[in-house]
>>> print(open('entry-v9.csv').read())   # CSV, C-alpha atoms and all ligand atoms
chain,number,residue,atom,x,y,z
A,105,MET,CA,5.6,-205.3,-58.7
A,106,THR,CA,3.7,-205.7,-55.4
A,107,ARG,CA,5.1,-207.2,-52.2
A,108,THR,CA,1.9,-207.8,-50.3
A,109,ILE,CA,1.3,-209.4,-46.9
A,110,GLY,CA,-2.0,-210.1,-45.3
A,111,ILE,CA,-1.8,-208.6,-41.8
A,112,ALA,CA,-4.3,-208.8,-38.9
A,113,ALA,CA,-4.3,-206.5,-35.9
A,114,ALA,CA,-5.8,-208.8,-33.2
A,115,GLN,CA,-7.6,-206.6,-30.8
A,116,ILE,CA,-8.8,-208.3,-27.6
A,117,GLY,CA,-11.5,-207.2,-25.2
A,118,PRO,CA,-10.9,-207.2,-21.4
A,119,VAL,CA,-9.0,-210.0,-19.8
A,120,PRO,CA,-10.5,-210.4,-16.4
A,121,ARG,CA,-8.4,-211.3,-13.3
A,122,SER,CA,-10.5,-214.5,-13.0
A,123,GLN,CA,-9.6,-215.7,-16.5
A,124,THR,CA,-6.9,-218.4,-16.6
A,125,ARG,CA,-3.9,-218.1,-18.9
A,126,ALA,CA,-5.1,-221.1,-20.8
A,127,GLU,CA,-8.5,-219.4,-21.4
A,128,THR,CA,-6.8,-216.2,-22.6
A,129,LEU,CA,-4.6,-218.3,-24.9
A,130,ASP,CA,-7.6,-219.9,-26.4
A,131,ARG,CA,-9.0,-216.5,-27.3
A,132,LEU,CA,-5.7,-215.7,-29.1
A,133,ILE,CA,-5.7,-219.0,-30.9
A,134,ALA,CA,-9.2,-218.4,-32.0
A,135,LEU,CA,-8.1,-215.1,-33.5
A,136,LEU,CA,-5.1,-216.8,-35.2
A,137,ARG,CA,-7.5,-219.3,-36.9
A,138,GLN,CA,-9.9,-216.5,-38.0
A,139,ALA,CA,-6.9,-214.6,-39.4
A,140,LYS,CA,-5.9,-217.7,-41.4
A,141,ARG,CA,-9.4,-217.9,-42.8
A,142,GLY,CA,-9.0,-214.2,-43.7
A,143,ASP,CA,-5.9,-215.0,-45.8
A,144,CYS,CA,-3.5,-213.4,-43.3
A,145,GLU,CA,0.2,-214.3,-42.8
A,146,LEU,CA,0.9,-212.1,-39.8
A,147,VAL,CA,-1.1,-211.5,-36.6
A,148,VAL,CA,-0.3,-208.6,-34.3
A,149,PHE,CA,-1.4,-209.2,-30.7
A,150,THR,CA,-1.5,-206.5,-28.1
A,151,GLU,CA,0.8,-205.4,-25.2
A,152,CYS,CA,0.8,-207.9,-22.3
A,153,ALA,CA,-1.7,-209.9,-24.4
A,154,LEU,CA,-1.6,-213.0,-22.1
A,155,THR,CA,-2.9,-211.3,-18.9
A,156,PRO,CA,-4.9,-208.5,-17.5
A,157,PHE,CA,-2.9,-205.2,-17.5
A,158,PHE,CA,-1.6,-205.7,-14.0
A,159,PRO,CA,0.5,-202.4,-13.9
A,160,HIS,CA,-2.9,-200.8,-13.1
A,161,TRP,CA,-2.8,-202.5,-9.7
A,162,TRP,CA,-0.9,-201.5,-6.6
A,163,SER,CA,0.9,-204.2,-4.6
A,164,GLU,CA,3.2,-203.8,-1.6
A,165,ASP,CA,5.3,-206.5,-3.2
A,166,PRO,CA,5.8,-206.0,-6.9
A,167,ALA,CA,7.0,-209.6,-7.2
A,168,ALA,CA,3.5,-210.7,-6.4
A,169,ASN,CA,2.7,-210.0,-10.0
A,170,ASP,CA,5.4,-212.3,-11.2
A,171,ILE,CA,2.6,-214.8,-11.8
A,172,TYR,CA,1.8,-212.6,-14.9
A,173,CYS,CA,5.4,-212.9,-16.3
A,174,GLU,CA,6.9,-215.3,-18.8
A,175,ARG,CA,10.2,-216.8,-17.9
A,176,SER,CA,10.8,-218.1,-21.5
A,177,MET,CA,9.3,-217.5,-24.9
A,178,PRO,CA,7.9,-219.9,-25.9
A,179,GLY,CA,7.3,-221.3,-22.5
A,180,PRO,CA,5.0,-224.1,-21.2
A,181,GLN,CA,2.0,-221.9,-21.2
A,182,THR,CA,2.5,-220.2,-24.6
A,183,GLN,CA,3.8,-223.3,-26.5
A,184,PRO,CA,0.2,-224.1,-27.8
A,185,LEU,CA,0.0,-220.7,-29.5
A,186,PHE,CA,3.4,-221.3,-31.2
A,187,ASP,CA,2.3,-224.8,-32.3
A,188,GLU,CA,-1.0,-223.7,-33.7
A,189,ALA,CA,0.6,-220.7,-35.5
A,190,ALA,CA,3.3,-223.0,-37.1
A,191,ARG,CA,0.6,-225.5,-38.1
A,192,LEU,CA,-1.4,-222.8,-39.8
A,193,GLY,CA,1.7,-221.2,-41.4
A,194,ILE,CA,1.0,-217.9,-39.8
A,195,GLY,CA,3.5,-215.6,-38.0
A,196,PHE,CA,2.7,-213.3,-35.1
A,197,CYS,CA,3.9,-210.6,-32.8
A,198,LEU,CA,3.0,-211.1,-29.2
A,199,GLY,CA,3.4,-208.7,-26.3
A,200,TYR,CA,4.1,-210.1,-22.9
A,201,ALA,CA,5.6,-209.4,-19.4
A,202,GLU,CA,9.1,-210.9,-19.3
A,203,LEU,CA,11.0,-212.0,-16.3
A,204,VAL,CA,14.7,-212.8,-16.8
A,205,ASP,CA,17.7,-213.6,-14.7
A,206,GLU,CA,20.5,-211.3,-16.0
A,207,GLY,CA,23.8,-212.2,-14.4
A,208,GLY,CA,22.1,-213.2,-11.1
A,209,SER,CA,19.7,-210.2,-11.1
A,210,ILE,CA,16.0,-210.7,-11.7
A,211,ARG,CA,14.8,-208.2,-14.2
A,212,ARG,CA,11.3,-207.5,-15.6
A,213,TYR,CA,10.6,-206.0,-19.0
A,214,ASN,CA,7.5,-205.1,-21.0
A,215,SER,CA,8.4,-207.1,-24.1
A,216,ALA,CA,7.3,-208.4,-27.5
A,217,VAL,CA,8.4,-211.3,-29.6
A,218,LEU,CA,8.2,-211.6,-33.4
A,219,VAL,CA,7.7,-215.1,-34.8
A,220,GLU,CA,7.9,-216.2,-38.5
A,221,ARG,CA,5.4,-218.3,-40.3
A,222,ASP,CA,7.5,-221.5,-39.7
A,223,GLY,CA,7.5,-220.9,-36.0
A,224,ARG,CA,11.0,-219.5,-35.8
A,225,VAL,CA,11.6,-216.7,-33.3
A,226,VAL,CA,12.8,-213.7,-35.4
A,227,GLY,CA,13.6,-211.4,-32.5
A,228,HIS,CA,12.5,-209.5,-29.4
A,229,TYR,CA,11.8,-205.9,-28.4
A,230,ARG,CA,11.6,-204.4,-24.9
A,231,LYS,CA,9.5,-201.3,-24.3
A,232,THR,CA,11.6,-198.2,-24.0
A,233,HIS,CA,9.1,-195.6,-22.6
A,234,LEU,CA,7.5,-196.8,-19.4
A,235,PRO,CA,4.7,-194.4,-18.5
A,236,GLY,CA,3.2,-193.6,-15.1
A,237,HIS,CA,4.7,-193.5,-11.6
A,238,PHE,CA,6.6,-195.6,-9.0
A,239,ASP,CA,4.4,-194.7,-6.0
A,240,HIS,CA,0.9,-195.7,-4.9
A,241,ARG,CA,-1.7,-193.1,-5.6
A,242,PRO,CA,-4.7,-194.2,-3.7
A,243,GLY,CA,-6.7,-191.1,-4.7
A,244,ASN,CA,-6.6,-192.2,-8.4
A,245,PRO,CA,-9.3,-194.6,-9.8
A,246,PHE,CA,-6.5,-196.9,-11.0
A,247,GLN,CA,-2.7,-196.9,-11.0
A,248,ASN,CA,-0.1,-196.6,-13.8
A,249,LEU,CA,2.8,-198.5,-12.2
A,250,GLU,CA,4.9,-199.6,-15.2
A,251,LYS,CA,7.9,-197.7,-13.9
A,252,LEU,CA,7.7,-199.8,-10.7
A,253,TYR,CA,7.1,-203.2,-12.3
A,254,PHE,CA,9.3,-203.0,-15.4
A,255,GLU,CA,12.8,-201.7,-16.3
A,256,PRO,CA,13.3,-199.7,-19.5
A,257,GLY,CA,14.1,-201.9,-22.5
A,258,ASN,CA,17.8,-202.5,-23.3
A,259,LEU,CA,17.6,-203.8,-26.8
A,260,GLY,CA,17.4,-200.5,-28.7
A,261,PHE,CA,15.1,-200.4,-31.7
A,262,PRO,CA,16.0,-203.4,-33.8
A,263,VAL,CA,14.8,-204.0,-37.3
A,264,PHE,CA,14.4,-207.5,-38.5
A,265,GLU,CA,14.4,-209.1,-42.0
A,266,ALA,CA,11.1,-211.0,-41.9
A,267,PHE,CA,7.8,-211.5,-43.8
A,268,GLY,CA,9.6,-210.4,-47.0
A,269,GLY,CA,10.5,-207.0,-45.6
A,270,LYS,CA,12.0,-205.0,-42.8
A,271,VAL,CA,10.0,-205.2,-39.5
A,272,GLY,CA,10.2,-203.4,-36.2
A,273,MET,CA,8.2,-203.4,-33.0
A,274,LEU,CA,7.2,-200.7,-30.5
A,275,ILE,CA,5.0,-201.1,-27.4
A,276,CYS,CA,2.2,-198.7,-26.4
A,277,ASN,CA,3.6,-195.5,-25.0
A,278,ASP,CA,6.6,-195.7,-27.4
A,279,ARG,CA,4.1,-194.9,-30.2
A,280,ARG,CA,3.8,-191.3,-29.0
A,281,TRP,CA,7.5,-190.5,-29.4
A,282,PRO,CA,8.6,-189.6,-32.9
A,283,GLU,CA,12.2,-190.8,-32.3
A,284,CYS,CA,11.0,-194.4,-31.9
A,285,TYR,CA,9.7,-194.4,-35.5
A,286,ARG,CA,12.7,-192.4,-36.7
A,287,CYS,CA,15.2,-194.9,-35.2
A,288,LEU,CA,13.3,-197.7,-37.1
A,289,GLY,CA,12.8,-195.7,-40.2
A,290,LEU,CA,16.5,-194.8,-40.5
A,291,GLN,CA,17.2,-198.5,-40.6
A,292,GLY,CA,14.8,-198.9,-43.6
A,293,CYS,CA,11.9,-200.3,-41.6
A,294,GLU,CA,8.8,-200.9,-43.7
A,295,LEU,CA,6.4,-202.3,-41.1
A,296,VAL,CA,6.0,-201.4,-37.4
A,297,LEU,CA,4.0,-203.6,-35.1
A,298,ILE,CA,2.5,-202.0,-31.9
A,299,GLY,CA,0.4,-203.4,-29.1
A,300,PHE,CA,-1.2,-201.0,-26.6
A,301,ASN,CA,-3.3,-200.7,-23.4
A,302,THR,CA,-4.5,-197.1,-23.3
A,303,PRO,CA,-6.9,-196.0,-20.6
A,304,ARG,CA,-9.5,-193.4,-21.7
A,305,HIS,CA,-8.9,-191.5,-18.4
A,306,TYR,CA,-5.5,-189.9,-17.5
A,307,PRO,CA,-5.8,-189.3,-13.7
A,308,GLU,CA,-3.1,-186.6,-13.5
A,309,PHE,CA,-4.1,-184.8,-16.7
A,310,PRO,CA,-7.9,-185.3,-17.2
A,311,ASP,CA,-8.1,-182.5,-19.7
A,312,THR,CA,-6.5,-184.9,-22.2
A,313,ASP,CA,-9.2,-187.5,-21.8
A,314,ARG,CA,-11.5,-186.1,-24.6
A,315,LEU,CA,-8.5,-186.3,-27.0
A,316,ALA,CA,-7.4,-189.9,-26.1
A,317,ASP,CA,-8.6,-191.4,-29.4
A,318,PHE,CA,-7.3,-188.5,-31.4
A,319,HIS,CA,-3.8,-188.5,-29.9
A,320,HIS,CA,-3.5,-192.3,-30.4
A,321,GLN,CA,-4.5,-192.0,-34.1
A,322,LEU,CA,-2.4,-188.9,-34.6
A,323,SER,CA,0.7,-190.7,-33.3
A,324,LEU,CA,0.2,-193.7,-35.6
A,325,GLN,CA,-0.5,-191.7,-38.7
A,326,ALA,CA,2.4,-189.3,-38.2
A,327,GLY,CA,4.8,-192.1,-37.5
A,328,ALA,CA,3.7,-193.9,-40.7
A,329,TYR,CA,3.7,-190.9,-43.0
A,330,GLN,CA,6.9,-189.2,-41.8
A,331,ASN,CA,8.9,-192.5,-42.1
A,332,GLY,CA,7.1,-194.1,-45.1
A,333,MET,CA,6.2,-197.2,-43.1
A,334,TRP,CA,3.1,-199.4,-42.5
A,335,VAL,CA,2.0,-199.1,-38.8
A,336,VAL,CA,-0.2,-201.7,-37.2
A,337,GLY,CA,-1.7,-201.0,-33.8
A,338,ALA,CA,-3.5,-203.7,-31.8
A,339,ALA,CA,-5.4,-202.7,-28.7
A,340,LYS,CA,-6.6,-204.2,-25.5
A,341,ALA,CA,-10.0,-202.7,-25.5
A,342,GLY,CA,-13.0,-202.2,-23.3
A,343,VAL,CA,-13.5,-202.1,-19.5
A,344,GLU,CA,-10.9,-204.4,-17.8
A,345,GLU,CA,-11.1,-204.6,-14.0
A,346,GLY,CA,-12.7,-201.2,-13.9
A,347,VAL,CA,-10.3,-199.5,-16.3
A,348,GLU,CA,-11.9,-198.2,-19.5
A,349,GLN,CA,-9.5,-198.6,-22.5
A,350,ILE,CA,-9.9,-196.9,-25.8
A,351,GLY,CA,-9.5,-199.7,-28.4
A,352,GLY,CA,-9.0,-198.2,-31.8
A,353,SER,CA,-6.9,-200.9,-33.4
A,354,MET,CA,-5.9,-199.9,-36.9
A,355,ILE,CA,-3.6,-200.4,-39.8
A,356,VAL,CA,-2.1,-197.2,-41.2
A,357,ALA,CA,-0.5,-197.0,-44.7
A,358,PRO,CA,2.8,-195.2,-45.4
A,359,SER,CA,0.7,-192.4,-46.9
A,360,GLY,CA,-0.6,-191.8,-43.3
A,361,GLU,CA,-4.1,-192.9,-44.3
A,362,VAL,CA,-6.0,-195.4,-42.1
A,363,ALA,CA,-6.4,-198.5,-44.2
A,364,ALA,CA,-8.5,-200.5,-41.7
A,365,ARG,CA,-9.8,-200.0,-38.2
A,366,SER,CA,-11.7,-201.8,-35.4
A,367,THR,CA,-15.4,-201.2,-34.9
A,368,THR,CA,-15.9,-202.9,-31.5
A,369,LEU,CA,-14.3,-202.9,-28.1
A,370,GLY,CA,-14.0,-206.7,-28.0
A,371,ASP,CA,-12.0,-209.5,-29.6
A,372,GLU,CA,-11.8,-208.4,-33.3
A,373,LEU,CA,-9.5,-208.7,-36.2
A,374,VAL,CA,-8.6,-205.6,-38.3
A,375,ILE,CA,-7.3,-207.0,-41.6
A,376,HIS,CA,-5.6,-205.4,-44.5
A,377,ARG,CA,-3.3,-206.6,-47.3
A,378,CYS,CA,-0.3,-204.4,-47.0
A,379,ASP,CA,2.0,-203.7,-50.0
A,380,LEU,CA,5.5,-203.1,-48.6
A,381,ASN,CA,6.5,-201.5,-51.9
A,382,ALA,CA,4.1,-198.7,-51.1
A,383,CYS,CA,6.7,-197.4,-48.6
A,384,ARG,CA,9.0,-196.4,-51.5
A,385,THR,CA,6.9,-193.4,-52.6
A,386,TYR,CA,7.4,-191.9,-49.2
A,387,LYS,CA,10.9,-193.1,-48.3
A,388,GLU,CA,12.4,-192.2,-51.6
A,389,GLY,CA,10.0,-189.7,-53.0
A,390,VAL,CA,8.7,-187.4,-50.3
A,391,PHE,CA,11.4,-188.1,-47.7
A,392,PRO,CA,14.5,-189.2,-49.5
A,393,SER,CA,16.5,-190.9,-46.8
A,394,ARG,CA,20.0,-190.2,-48.1
A,395,ASN,CA,19.9,-186.5,-48.2
A,396,ARG,CA,22.4,-184.4,-46.2
A,397,ARG,CA,20.1,-183.5,-43.4
A,398,VAL,CA,19.2,-187.1,-42.6
A,399,ASP,CA,22.9,-188.1,-42.7
A,400,GLN,CA,23.5,-185.4,-40.1
A,401,PHE,CA,20.7,-186.7,-37.9
A,402,GLU,CA,22.2,-190.2,-38.1
A,403,ARG,CA,25.5,-188.8,-36.9
A,404,LEU,CA,23.7,-187.1,-34.0
A,405,LEU,CA,22.0,-190.4,-33.0
A,406,GLU,CA,25.4,-192.1,-33.0
A,407,SER,CA,27.1,-189.5,-30.8
B,1,LIG,N1,0.5,-199.0,-21.6
B,1,LIG,C1,0.8,-197.8,-21.9
B,1,LIG,O1,1.9,-197.4,-22.2
B,1,LIG,N2,-0.2,-196.8,-21.8
B,1,LIG,C2,0.0,-195.5,-21.9
B,1,LIG,C3,-0.9,-194.7,-21.0
B,1,LIG,C4,-0.2,-194.2,-19.9
B,1,LIG,S1,-1.1,-193.0,-19.0
B,1,LIG,C5,0.2,-192.5,-17.9
B,1,LIG,C6,-0.2,-194.9,-23.3
B,1,LIG,O2,0.6,-194.1,-23.8
B,1,LIG,O3,-1.2,-195.3,-24.0
>>> encode(input="entry-v9.csv", output="structure tokens")
Amino acid sequence: MTRTIGIAAAQIGPVPRSQTRAETLDRLIALLRQAKRGDCELVVFTECALTPFFPHWWSEDPAANDIYCERSMPGPQTQPLFDEAARLGIGFCLGYAELVDEGGSIRRYNSAVLVERDGRVVGHYRKTHLPGHFDHRPGNPFQNLEKLYFEPGNLGFPVFEAFGGKVGMLICNDRRWPECYRCLGLQGCELVLIGFNTPRHYPEFPDTDRLADFHHQLSLQAGAYQNGMWVVGAAKAGVEEGVEQIGGSMIVAPSGEVAARSTTLGDELVIHRCDLNACRTYKEGVFPSRNRRVDQFERLLES
């Protein structure tokens, strides 16, 4: 018996500084509608999908970028996306910059929300691995200031019952770390949703530039195969405010094979009907999860 779900990775091209939040939201809503026409039930948007990727910009006052943060989800500016998705009966995962008041302290996270087809918020994830630096590096062509603008996520690696299966989320740099997938896989996760903004150029280590696409794909394929999960990666692509980003949105099967991939660096859907039961061959066959070695690993994680 199959357990299939039509999934679209919703890649978006550059979001210029001059674009209003409402204009960006219209682009996301257009992709939702296109996904519905493509028989999809779940759309995966990228990391910080509502705004330009502002951690590339230095500011003396990091709070100046609070205009790019959401104080609630849904909020007044994102409600139209939630309304249209519920009207279409389509769920989504949306990356956004989050600003919260935690016990009187203002905190900022690089976050994602998972929403079911009826509009119900299923759960949240906050990015664990914040790449880059705290300091201004004026010699670099652009900055990587996520460490300055965000705090590391404090929600762990939750797995949610949704879309007829077990679903987890990661955000961009998380996808390079095998333990992220492992923490999800050990909870039986069958589908991992990942948004990313990946520059082609790494100012501190330019020798890796020629491998940017390869390392991205390698990470998704290894995570999928070694944990028997579907992995969906949705990019912010193209040249945004002078920063070239790789694109390369794709859906990877639990076999590690690329099932579908983007062909442009603009707004584009990457669609595949994913059979969640295909995870079983790898979870129970190739990597049986209840063997002694994995039990030991779980104990290590708990300690
Ligand atoms: N957004 C994000 O996490 N990007 C990183 C690049 C960081 S380069 C220091 C990535 O892993 O793609």
>>> residues_near_ligand(input="entry-v9.csv", ligand="ligand LIG 1 (chain B)", cutoff="9 Å", atoms="all atoms listed in the file", output="MDAnalysis selection string")
chainID A and resid 151:152 157 159 231 233:237 247:250 275:280 299:309 316 320
>>> closest_residue(input="entry-v9.csv", among="A:Ile116, A:Ile109, A:Ala189, A:Ala167", to="A:Ile133", atoms="all atoms listed in the file")
A:Ala189
>>> closest_residue(input="entry-v9.csv", among="A:Ile375, A:Ile210, A:Leu129, A:Val119", to="A:Asp143", atoms="only C-alpha atoms")
A:Ile375
>>> closest_residue(input="entry-v9.csv", among="A:Leu315, A:Ile171, A:Ile194, A:Ala326", to="A:Arg141", atoms="all atoms listed in the file")
A:Ile194
>>> atom_distance(input="entry-v9.csv", atom1="atom CA of A:Tyr253", atom2="atom CA of A:Arg121")
17.5 Å
>>> closest_residue(input="entry-v9.csv", among="A:Gln321, A:Arg137, A:Glu188, A:Arg212", to="A:Cys173", atoms="all atoms listed in the file")
A:Arg212
>>> residues_around(input="entry-v9.csv", residues="A:Phe246", least_positions_apart="3", cutoff="9 Å", atoms="all atoms listed in the file", output="PyMOL selection string")
chain A and resi 160-162+241-243+307+346-347
>>> build_atoms(input="entry-v9.csv", residues="stretch 349-360 of chain A", atoms="all heavy atoms", output="CSV table (one decimal), in the coordinates of the input")
chain,number,residue,atom,x,y,z
A,349,GLN,N,-10.6,-198.8,-21.5
A,349,GLN,CA,-9.5,-198.6,-22.5
A,349,GLN,C,-10.1,-198.3,-23.8
A,349,GLN,O,-11.1,-198.8,-24.2
A,349,GLN,CB,-8.7,-199.9,-22.5
A,349,GLN,CG,-8.3,-200.4,-21.2
A,349,GLN,CD,-7.0,-201.2,-21.1
A,349,GLN,OE1,-6.0,-200.6,-21.2
A,349,GLN,NE2,-7.1,-202.5,-21.0
A,350,ILE,N,-9.3,-197.5,-24.6
A,350,ILE,CA,-9.9,-196.9,-25.8
A,350,ILE,C,-10.1,-197.9,-27.0
A,350,ILE,O,-11.0,-197.6,-27.8
A,350,ILE,CB,-9.0,-195.7,-26.3
A,350,ILE,CG1,-7.6,-196.2,-26.7
A,350,ILE,CG2,-8.9,-194.6,-25.3
A,350,ILE,CD1,-6.8,-195.1,-27.5
A,351,GLY,N,-9.4,-198.9,-27.1
A,351,GLY,CA,-9.5,-199.7,-28.4
A,351,GLY,C,-8.9,-198.9,-29.5
A,351,GLY,O,-7.8,-198.3,-29.3
A,352,GLY,N,-9.5,-198.9,-30.7
A,352,GLY,CA,-9.0,-198.2,-31.8
A,352,GLY,C,-7.8,-198.9,-32.5
A,352,GLY,O,-6.9,-198.2,-33.0
A,353,SER,N,-7.9,-200.2,-32.6
A,353,SER,CA,-6.9,-200.9,-33.4
A,353,SER,C,-7.0,-200.5,-34.8
A,353,SER,O,-8.1,-200.3,-35.3
A,353,SER,CB,-7.2,-202.4,-33.3
A,353,SER,OG,-7.1,-202.8,-32.0
A,354,MET,N,-5.9,-200.3,-35.5
A,354,MET,CA,-5.9,-199.9,-36.9
A,354,MET,C,-4.6,-200.2,-37.6
A,354,MET,O,-3.6,-200.5,-37.0
A,354,MET,CB,-6.2,-198.4,-37.0
A,354,MET,CG,-5.2,-197.5,-36.3
A,354,MET,SD,-5.7,-195.7,-36.4
A,354,MET,CE,-7.0,-195.7,-35.3
A,355,ILE,N,-4.7,-200.2,-38.9
A,355,ILE,CA,-3.6,-200.4,-39.8
A,355,ILE,C,-3.5,-199.1,-40.6
A,355,ILE,O,-4.4,-198.7,-41.3
A,355,ILE,CB,-3.7,-201.6,-40.7
A,355,ILE,CG1,-3.8,-202.9,-39.8
A,355,ILE,CG2,-2.6,-201.7,-41.7
A,355,ILE,CD1,-4.0,-204.2,-40.6
A,356,VAL,N,-2.3,-198.5,-40.5
A,356,VAL,CA,-2.1,-197.2,-41.2
A,356,VAL,C,-1.1,-197.4,-42.3
A,356,VAL,O,0.0,-198.0,-42.1
A,356,VAL,CB,-1.6,-196.1,-40.2
A,356,VAL,CG1,-1.4,-194.8,-40.9
A,356,VAL,CG2,-2.5,-196.0,-39.0
A,357,ALA,N,-1.4,-196.8,-43.5
A,357,ALA,CA,-0.5,-197.0,-44.7
A,357,ALA,C,0.6,-196.0,-44.6
A,357,ALA,O,0.6,-195.0,-43.9
A,357,ALA,CB,-1.3,-196.7,-45.9
A,358,PRO,N,1.7,-196.2,-45.4
A,358,PRO,CA,2.8,-195.2,-45.4
A,358,PRO,C,2.4,-193.8,-45.9
A,358,PRO,O,3.1,-192.9,-45.6
A,358,PRO,CB,3.8,-195.8,-46.5
A,358,PRO,CG,3.4,-197.3,-46.6
A,358,PRO,CD,1.9,-197.4,-46.2
A,359,SER,N,1.2,-193.7,-46.5
A,359,SER,CA,0.7,-192.4,-46.9
A,359,SER,C,0.2,-191.7,-45.6
A,359,SER,O,-0.2,-190.5,-45.7
A,359,SER,CB,-0.5,-192.6,-47.9
A,359,SER,OG,-1.5,-193.3,-47.2
A,360,GLY,N,0.0,-192.4,-44.5
A,360,GLY,CA,-0.6,-191.8,-43.3
A,360,GLY,C,-2.1,-192.1,-43.3
A,360,GLY,O,-2.7,-191.8,-42.3
